Amino acid sequence: MSGHSKWSKVKHVKAAVDAKRGRIFTKLIKEITVAARMGGGDTTGNARLRRAIQDAKAENMPSDNIERAIKKGTGELEGVHYDEAHFEGYAPGGVALLVEVLTDNRNRTVSEIRHLFGKNGGNLGESGCVAWMFNKRGYIAIDRSAAEEDKVMSVALEAGVEDISEDQGRYEIYTRPEDYDRVLEAIRKAEIPTVESELAMVPTNHLKADPKVAQQVVRLIEVLEEHDDVQKVWTNLELDEATLAEMHQLA
């Protein structure tokens, strides 16, 4: 299996999404709160909370903010109740989008997300219309210059990965969702630095679009990710080097 790198390329082309630290913190606090509510405040037995805290620390979130978010999730402090939701739809060119949100008002959020789709040439679809195009996988990326290939292969295979590939100067490792934390921990224990790691919705097939349409898709993804309730946006858009070059010329 391969393909998450296609989405990595989309992210690299985008303008500065979530440039404001306050927006980043808002999204991270929501995730920490929900993770603590669903699995408890002990990171030892709550992998989701452990990942959320790691992401928050990577963004230099103060420890006090993290602790308050955990306590709101466990009920030790009063806080807003967030629910998880997934919205599915199509961007220009028939490109699939899968939108993950955490919201305290589903009706408001779905109305706003539908508006963003429509305003930017897309269509919000029914539940299930594009989810079948994606599989949940653990994804870990390692810069090729950070470690010898034999070491990466040895550690990853021993930890039990599904697939390893190379793309754009990276080793790309895919795992089953239930194996992700164990594989990531093995890589970290081996002192191999990662450039990206997450539980990802990886498309089973990719869709190419001409540069103008690709720009419209990227713009829709941008405005969706700017929405405070949106945590992640996944797509099956494929951007090859030629398309990227033309998009830069059009910008």
# chains A, B, ... in the order shown; residues from 1 in each chain; ligands from 1
call {"tool": "select_by_dssp", "arguments": {"residues": "segment 160-209 of chain A", "states": "alpha helix (DSSP H)", "output": "list in words"}}
result
Tyr180, Asp181, Arg182, Val183, Leu184, Glu185, Ala186, Ile187, Arg188 and Lys189 of chain A
call {"tool": "write_last_selection", "arguments": {"atoms": "N, CA and C atoms", "output": "PDB file, in the first residue's frame"}}
result
ATOM      1  N   TYR A 180      -0.037   0.877  15.519  1.00  0.00           N
ATOM      2  CA  TYR A 180       0.634   2.169  15.304  1.00  0.00           C
ATOM      3  C   TYR A 180       1.481   2.605  16.503  1.00  0.00           C
ATOM      4  N   ASP A 181       0.908   2.592  17.692  1.00  0.00           N
ATOM      5  CA  ASP A 181       1.644   3.076  18.868  1.00  0.00           C
ATOM      6  C   ASP A 181       2.871   2.218  19.150  1.00  0.00           C
ATOM      7  N   ARG A 182       2.716   0.905  18.995  1.00  0.00           N
ATOM      8  CA  ARG A 182       3.842   0.016  19.262  1.00  0.00           C
ATOM      9  C   ARG A 182       4.983   0.254  18.263  1.00  0.00           C
ATOM     10  N   VAL A 183       4.641   0.407  16.995  1.00  0.00           N
ATOM     11  CA  VAL A 183       5.663   0.637  15.964  1.00  0.00           C
ATOM     12  C   VAL A 183       6.352   1.976  16.182  1.00  0.00           C
ATOM     13  N   LEU A 184       5.561   3.005  16.466  1.00  0.00           N
ATOM     14  CA  LEU A 184       6.136   4.331  16.694  1.00  0.00           C
ATOM     15  C   LEU A 184       7.069   4.328  17.890  1.00  0.00           C
ATOM     16  N   GLU A 185       6.677   3.638  18.954  1.00  0.00           N
ATOM     17  CA  GLU A 185       7.514   3.554  20.145  1.00  0.00           C
ATOM     18  C   GLU A 185       8.819   2.818  19.846  1.00  0.00           C
ATOM     19  N   ALA A 186       8.756   1.774  19.029  1.00  0.00           N
ATOM     20  CA  ALA A 186       9.964   1.033  18.663  1.00  0.00           C
ATOM     21  C   ALA A 186      10.927   1.904  17.872  1.00  0.00           C
ATOM     22  N   ILE A 187      10.382   2.724  16.987  1.00  0.00           N
ATOM     23  CA  ILE A 187      11.214   3.628  16.183  1.00  0.00           C
ATOM     24  C   ILE A 187      11.864   4.678  17.073  1.00  0.00           C
ATOM     25  N   ARG A 188      11.113   5.193  18.031  1.00  0.00           N
ATOM     26  CA  ARG A 188      11.664   6.200  18.934  1.00  0.00           C
ATOM     27  C   ARG A 188      12.722   5.605  19.858  1.00  0.00           C
ATOM     28  N   LYS A 189      12.503   4.367  20.326  1.00  0.00           N
ATOM     29  CA  LYS A 189      13.493   3.709  21.175  1.00  0.00           C
ATOM     30  C   LYS A 189      14.791   3.466  20.423  1.00  0.00           C
TER      31      LYS A 189
END
call {"tool": "select_by_dssp", "arguments": {"residues": "segment 38-129 of chain A", "states": "strand (DSSP E)", "output": "ChimeraX atom specification"}}
result
/A:83-90,96-103,123-124
call {"tool": "closest_residue", "arguments": {"among": "A:Glu191, A:Glu178, A:Glu126, A:Glu238", "to": "Leu207 of chain A", "atoms": "only C-alpha atoms"}}
result
A:Glu238
call {"tool": "residues_around", "arguments": {"residues": "Val110 of chain A", "least_positions_apart": "2", "cutoff": "10 Å", "atoms": "only C-alpha atoms", "output": "list in words"}}
result
Ala85, His86, Phe87, Val101, Thr103, Asn105, Arg106, Asn107, Arg108, Glu112, Ile113, Arg114, His115, Leu116 and Leu124 of chain A
call {"tool": "closest_residue", "arguments": {"among": "A:Gly73, A:Gln216, A:Ala190, A:Arg137", "to": "Ser154 of chain A", "atoms": "only C-alpha atoms"}}
result
A:Ala190
call {"tool": "closest_residue", "arguments": {"among": "A:Ala91, A:Leu97, A:Ala47, A:Leu239", "to": "Pro211 of chain A", "atoms": "only C-alpha atoms"}}
result
A:Leu239
call {"tool": "residues_around", "arguments": {"residues": "segment 217-230 of chain A", "least_positions_apart": "2", "cutoff": "6 Å", "atoms": "only C-alpha atoms", "output": "list in words"}}
result
Ala91, Pro92, Glu100, Val101, Leu102, Thr103, Asn120, Ala214, Gln215 and Lys232 of chain A
call {"tool": "write_last_selection", "arguments": {"atoms": "C-alpha atoms", "output": "PDB file, in the first residue's frame"}}
result
ATOM      1  CA  ALA A  91     -14.441  18.972  -4.139  1.00  0.00           C
ATOM      2  CA  PRO A  92     -14.208  20.342  -7.699  1.00  0.00           C
ATOM      3  CA  GLU A 100     -13.195  15.024  10.794  1.00  0.00           C
ATOM      4  CA  VAL A 101     -14.712  17.446  13.306  1.00  0.00           C
ATOM      5  CA  LEU A 102     -15.170  17.922  17.040  1.00  0.00           C
ATOM      6  CA  THR A 103     -18.212  20.058  17.742  1.00  0.00           C
ATOM      7  CA  ASN A 120     -15.889  26.766  -2.978  1.00  0.00           C
ATOM      8  CA  ALA A 214      -6.227  21.099  -8.151  1.00  0.00           C
ATOM      9  CA  GLN A 215      -5.858  24.685  -6.954  1.00  0.00           C
ATOM     10  CA  LYS A 232      -8.504  16.895   9.831  1.00  0.00           C
TER      11      LYS A 232
END
call {"tool": "residues_around", "arguments": {"residues": "Gly41 of chain A", "least_positions_apart": "4", "cutoff": "7 Å", "atoms": "only C-alpha atoms", "output": "list in words"}}
result
Ala36, Ile70 and Thr74 of chain A
call {"tool": "closest_residue", "arguments": {"among": "A:Gln231, A:Thr175, A:Thr44, A:Ser127", "to": "Gly89 of chain A", "atoms": "only C-alpha atoms"}}
result
A:Ser127
call {"tool": "closest_residue", "arguments": {"among": "A:Val195, A:Tyr139, A:Met201, A:Ile29", "to": "Lys57 of chain A", "atoms": "only C-alpha atoms"}}
result
A:Ile29
call {"tool": "closest_residue", "arguments": {"among": "A:Tyr90, A:Leu237, A:Met153, A:Ser63", "to": "Asn205 of chain A", "atoms": "only C-alpha atoms"}}
result
A:Leu237
